[in-house]
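Colleague: Starting off with a structure, shown below.
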Number of protein chains: 2
Amino acid sequence: MFTLMESENKFPDSLSETAAFKGLGEAERAQIYNYGERRIHKPEAVLFREGEPALRLYLVVEGGLKLTKLHEEGKETVVRYIRPGDFTAAAAVFSEKKYPATAKAVSSTEVVSWDQPAMWRILNDYPRFTVNLLQVAVERLDEIQNRLLELQVEKVEQRLARALLRLMEQSGKRTDEGILINFRLTRQELADYTGTTLYTVSRTLSGWEKKGWISSGREKIVVTDPHALVAFSEAGS
Amino acid sequence: MFTLMESENKFPDSLSETAAFKGLGEAERAQIYNYGERRIHKPEAVLFREGEPALRLYLVVEGGLKLTKLHEEGKETVVRYIRPGDFTAAAAVFSEKKYPATAKAVSSTEVVSWDQPAMWRILNDYPRFTVNLLQVAVERLDEIQNRLLELQVEKVEQRLARALLRLMEQSGKRTDEGILINFRLTRQELADYTGTTLYTVSRTLSGWEKKGWISSGREKIVVTDPHALVAFSEAGS
DNA sequence: CGCTCTATTGATAAACCTCAAATACAGTGG
DNA sequence: CCACTGTATTTGAGGTTTATCAATAGAGCG
């Protein structure tokens, strides 16, 4: 037939070590993987929108997603960046839930997704997968709680330093200049991620550029002195 | 023998409708419940501490817990209040994890808890329970993400209003004066919950008291005009 | 080359924290 | 029952951080 699911897709090696497929045999991985639908999304493409019925569970294979939430009056926050090997929209496992956030591709992004019937089959046939999902949820929870803590007790510049480091670790790419955050990232997005304004972000980055910690351009940031940033993020001065 | 688990405990009716035991038969509930250990903790008692190896999963039956996280220099945040029917320390399902927060009883509190061997047995024998745990984790995640959003875009007074309303809904007790938040709650704790200082909390509450929205005393808050608070929490003015 | 989106920078104001000091309250032990 | 003691709370003054507004500069795209 003609659906995407028909062709047996090879399970990507890059995913075999991820939390998603931990403890599963090779055959099981391939089966689970092939229950899903593979798709490649262009940069800026919206995979799902906050408030829509949550119908599919997503796993990022390559590229990345930006998860955002809207507040009244158009203000938006970046909840998280999703990288290869990460699930998102776990809420879709439960019927009648809505997506709690909007997902947009930050670069060309390959995902696998499962609809509810497929998920129920998987959850039923591979209990280990359910446990893996639980583990991912628990880890996300921990991460967000840490961000909540940081947001409450740290000042803007310290949070910005942490954010850059996190993004660097998650999506960094070595260049001869330093470590490049490997997708388009505006000052506004960074502000939405750290709970500040684009003005403050701009000022702060300018300062760090003068100190030689980073090197930045339009929608582009390269961390040239990670060590200094780490020290700053921990000490806050 | 002599352990607490020996006596067959009746499954509490109050829990039968909670997310924790959804979709499970009465017999299954009783079995799961009896794998655990019942305990009553005094107010202020610490059930587990951030950083310790996570050995037990907890379910609150009566009373409540305060989950806190510490930052360097003693600053602390209240991550969440746990009420009857809620799990906490889901991280304990996974070996080698540490408790991500500290849990302290806010009043006399009854909990059931399971150690790892019991949990593994339960997760294995009652897959529906695993799914329920996942659901709880997903809902917490959503809740925390909403708090993150509020913390980033709303001003202190608005967050305080939301916090009071949340606590009122979760732990409110009708009195002839209004709805009492039914446990000791200091200004400092409210500040740690909303990401501000006790001074700002005090000033704000004083203002609301003059407006007749609340009535407060030492470690005690009664919401006398919930409607006004709701309006304020949504409009922010 | 002009258009549009992004970033920078300065000036100003608002929100909020910090520090200090006084006051109120609850529980305790005589 | 009352004075005492340790917290919790209130309130004021002053300072810091950060948001807001406005104007300009730069980068990429067609």
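Each chain of the structure tokens is named A, B, ... in the order shown, its residues numbered from 1; ligands are numbered from 1 in display order.
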Wanna dump the chain A-chain C contacts at 10 Å for me, each residue with its shortest atom pair and the distance in Å to one decimal, counting only C-alpha atoms (C1' of nucleotides), ordered by chain and number, as JSON lines?
Modeller:
```
{"residue": "A:Thr186", "atom": "CA", "partner": "C:DT6", "partner_atom": "C1'", "distance": 7.7}
{"residue": "A:Arg187", "atom": "CA", "partner": "C:DA7", "partner_atom": "C1'", "distance": 7.9}
{"residue": "A:Gln188", "atom": "CA", "partner": "C:DT6", "partner_atom": "C1'", "distance": 9.2}
{"residue": "A:Leu198", "atom": "CA", "partner": "C:DA7", "partner_atom": "C1'", "distance": 9.0}
{"residue": "A:Tyr199", "atom": "CA", "partner": "C:DT8", "partner_atom": "C1'", "distance": 8.5}
{"residue": "A:Ser202", "atom": "CA", "partner": "C:DA7", "partner_atom": "C1'", "distance": 7.1}
{"residue": "A:Arg203", "atom": "CA", "partner": "C:DT8", "partner_atom": "C1'", "distance": 7.7}
{"residue": "A:Ser206", "atom": "CA", "partner": "C:DT8", "partner_atom": "C1'", "distance": 8.5}
{"residue": "A:Gly217", "atom": "CA", "partner": "C:DA7", "partner_atom": "C1'", "distance": 8.7}
{"residue": "A:Arg218", "atom": "CA", "partner": "C:DT6", "partner_atom": "C1'", "distance": 6.7}
{"residue": "A:Glu219", "atom": "CA", "partner": "C:DT6", "partner_atom": "C1'", "distance": 7.9}
```
Colleague: Going by DSSP on the backbone, which bits of range 29-133 of chain B are strand (DSSP E or B)? Write them as a count of residues only, please.
Modeller: 43
Colleague: Using only C-alpha atoms, tabulate the residues of chain B lying at most 10 Å from any atom of chain A, each with its closest atom pair and that distance in Å to one decimal, by chain and increasing residue number, as JSON lines.
Modeller:
```
{"residue": "B:Thr68", "atom": "CA", "partner": "A:Leu149", "partner_atom": "CA", "distance": 9.5}
{"residue": "B:Lys69", "atom": "CA", "partner": "A:Leu149", "partner_atom": "CA", "distance": 7.3}
{"residue": "B:Leu70", "atom": "CA", "partner": "A:Leu149", "partner_atom": "CA", "distance": 8.1}
{"residue": "B:His71", "atom": "CA", "partner": "A:Leu149", "partner_atom": "CA", "distance": 7.3}
{"residue": "B:Glu72", "atom": "CA", "partner": "A:Glu234", "partner_atom": "CA", "distance": 9.3}
{"residue": "B:Lys75", "atom": "CA", "partner": "A:Val153", "partner_atom": "CA", "distance": 7.2}
{"residue": "B:Glu76", "atom": "CA", "partner": "A:Leu149", "partner_atom": "CA", "distance": 8.0}
{"residue": "B:Thr77", "atom": "CA", "partner": "A:Leu149", "partner_atom": "CA", "distance": 6.2}
{"residue": "B:Val78", "atom": "CA", "partner": "A:Leu149", "partner_atom": "CA", "distance": 8.7}
{"residue": "B:Val79", "atom": "CA", "partner": "A:Gln145", "partner_atom": "CA", "distance": 6.9}
{"residue": "B:Arg80", "atom": "CA", "partner": "A:Gln145", "partner_atom": "CA", "distance": 9.7}
{"residue": "B:Ala89", "atom": "CA", "partner": "A:Val138", "partner_atom": "CA", "distance": 9.1}
{"residue": "B:Ala90", "atom": "CA", "partner": "A:Val138", "partner_atom": "CA", "distance": 6.8}
{"residue": "B:Ala91", "atom": "CA", "partner": "A:Val138", "partner_atom": "CA", "distance": 6.1}
{"residue": "B:Ala92", "atom": "CA", "partner": "A:Val138", "partner_atom": "CA", "distance": 9.8}
{"residue": "B:Val93", "atom": "CA", "partner": "A:Gln135", "partner_atom": "CA", "distance": 8.3}
{"residue": "B:Phe94", "atom": "CA", "partner": "A:Gln135", "partner_atom": "CA", "distance": 7.4}
{"residue": "B:Lys97", "atom": "CA", "partner": "A:Glu139", "partner_atom": "CA", "distance": 10.0}
{"residue": "B:Tyr99", "atom": "CA", "partner": "A:Asp142", "partner_atom": "CA", "distance": 9.6}
{"residue": "B:Pro100", "atom": "CA", "partner": "A:Asp142", "partner_atom": "CA", "distance": 6.6}
{"residue": "B:Ala101", "atom": "CA", "partner": "A:Asp142", "partner_atom": "CA", "distance": 9.0}
{"residue": "B:Leu123", "atom": "CA", "partner": "A:Val131", "partner_atom": "CA", "distance": 8.4}
{"residue": "B:Asn124", "atom": "CA", "partner": "A:Pro127", "partner_atom": "CA", "distance": 8.0}
{"residue": "B:Pro127", "atom": "CA", "partner": "A:Pro127", "partner_atom": "CA", "distance": 7.0}
{"residue": "B:Arg128", "atom": "CA", "partner": "A:Asn124", "partner_atom": "CA", "distance": 9.3}
{"residue": "B:Thr130", "atom": "CA", "partner": "A:Val131", "partner_atom": "CA", "distance": 7.0}
{"residue": "B:Val131", "atom": "CA", "partner": "A:Thr130", "partner_atom": "CA", "distance": 7.0}
{"residue": "B:Asn132", "atom": "CA", "partner": "A:Leu134", "partner_atom": "CA", "distance": 9.8}
{"residue": "B:Leu133", "atom": "CA", "partner": "A:Leu134", "partner_atom": "CA", "distance": 7.3}
{"residue": "B:Leu134", "atom": "CA", "partner": "A:Leu134", "partner_atom": "CA", "distance": 5.0}
{"residue": "B:Gln135", "atom": "CA", "partner": "A:Phe94", "partner_atom": "CA", "distance": 7.4}
{"residue": "B:Val136", "atom": "CA", "partner": "A:Leu134", "partner_atom": "CA", "distance": 9.6}
{"residue": "B:Ala137", "atom": "CA", "partner": "A:Ala137", "partner_atom": "CA", "distance": 6.0}
{"residue": "B:Val138", "atom": "CA", "partner": "A:Ala91", "partner_atom": "CA", "distance": 6.2}
{"residue": "B:Glu139", "atom": "CA", "partner": "A:Ala91", "partner_atom": "CA", "distance": 8.0}
{"residue": "B:Arg140", "atom": "CA", "partner": "A:Leu141", "partner_atom": "CA", "distance": 7.4}
{"residue": "B:Leu141", "atom": "CA", "partner": "A:Leu141", "partner_atom": "CA", "distance": 5.5}
{"residue": "B:Asp142", "atom": "CA", "partner": "A:Pro100", "partner_atom": "CA", "distance": 6.5}
{"residue": "B:Glu143", "atom": "CA", "partner": "A:Pro100", "partner_atom": "CA", "distance": 9.6}
{"residue": "B:Ile144", "atom": "CA", "partner": "A:Ile144", "partner_atom": "CA", "distance": 7.0}
{"residue": "B:Gln145", "atom": "CA", "partner": "A:Val79", "partner_atom": "CA", "distance": 6.9}
{"residue": "B:Asn146", "atom": "CA", "partner": "A:Lys69", "partner_atom": "CA", "distance": 8.3}
{"residue": "B:Arg147", "atom": "CA", "partner": "A:Leu148", "partner_atom": "CA", "distance": 7.9}
{"residue": "B:Leu148", "atom": "CA", "partner": "A:Leu148", "partner_atom": "CA", "distance": 6.0}
{"residue": "B:Leu149", "atom": "CA", "partner": "A:Thr77", "partner_atom": "CA", "distance": 6.2}
{"residue": "B:Glu150", "atom": "CA", "partner": "A:His71", "partner_atom": "CA", "distance": 8.0}
{"residue": "B:Leu151", "atom": "CA", "partner": "A:Leu151", "partner_atom": "CA", "distance": 7.7}
{"residue": "B:Gln152", "atom": "CA", "partner": "A:Gly195", "partner_atom": "CA", "distance": 4.7}
{"residue": "B:Val153", "atom": "CA", "partner": "A:Gly195", "partner_atom": "CA", "distance": 7.2}
{"residue": "B:Glu154", "atom": "CA", "partner": "A:His71", "partner_atom": "CA", "distance": 9.3}
{"residue": "B:Ala191", "atom": "CA", "partner": "A:Gln152", "partner_atom": "CA", "distance": 9.9}
{"residue": "B:Asp192", "atom": "CA", "partner": "A:Gln152", "partner_atom": "CA", "distance": 8.2}
{"residue": "B:Tyr193", "atom": "CA", "partner": "A:Gln152", "partner_atom": "CA", "distance": 9.0}
{"residue": "B:Thr194", "atom": "CA", "partner": "A:Gln152", "partner_atom": "CA", "distance": 7.9}
{"residue": "B:Gly195", "atom": "CA", "partner": "A:Gln152", "partner_atom": "CA", "distance": 4.7}
{"residue": "B:Thr196", "atom": "CA", "partner": "A:Gln152", "partner_atom": "CA", "distance": 7.4}
{"residue": "B:Glu234", "atom": "CA", "partner": "A:Glu72", "partner_atom": "CA", "distance": 9.3}
{"residue": "B:Ala235", "atom": "CA", "partner": "A:Glu72", "partner_atom": "CA", "distance": 9.7}
```
Colleague: Using 12 Å as the limit and counting only C-alpha atoms (C1' of nucleotides), can you tabulate each residue of chain D that touches chain B, with its shortest atom-to-atom distance in Å and the two atoms involved, as a tab-separated table?
Modeller:
```
residue	atom	partner	partner_atom	distance
D:DT7	C1'	B:Arg218	CA	9.9
D:DA8	C1'	B:Arg218	CA	6.5
D:DT9	C1'	B:Ser202	CA	7.2
D:DT10	C1'	B:Ser202	CA	7.1
D:DT11	C1'	B:Arg203	CA	8.3
D:DG12	C1'	B:Arg203	CA	11.5
D:DA19	C1'	B:Val153	CA	11.5
```
Colleague: Using DSSP on the backbone, list every residue of range 65-104 of chain A that comes out as helix (DSSP H, G or I), and give them as a PyMOL selection string.
Modeller: chain A and resi 72-74+90-93
Colleague: Grab the CA of Gln170 in chain A to CA of Gly36 in chain A distance for me, in Å with one decimal place.
Modeller: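 Answer for the CA of Gln170 in chain A to CA of Gly36 in chain A separation: 24.8 Å.
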Colleague: Rounded to one decimal in Å, what is the spacing between CA of Arg39 in chain B and CA of Phe11 in chain B?
Modeller: 13.9 Å
Colleague: Which polymer residues have any atom within 6 Å of an atom of range 41-48 of chain B, counting only C-alpha atoms (C1' of nucleotides), with same-chain residues fewer than 3 positions away left out, as a PyMOL selection string?
Modeller: chain B and resi 102-109
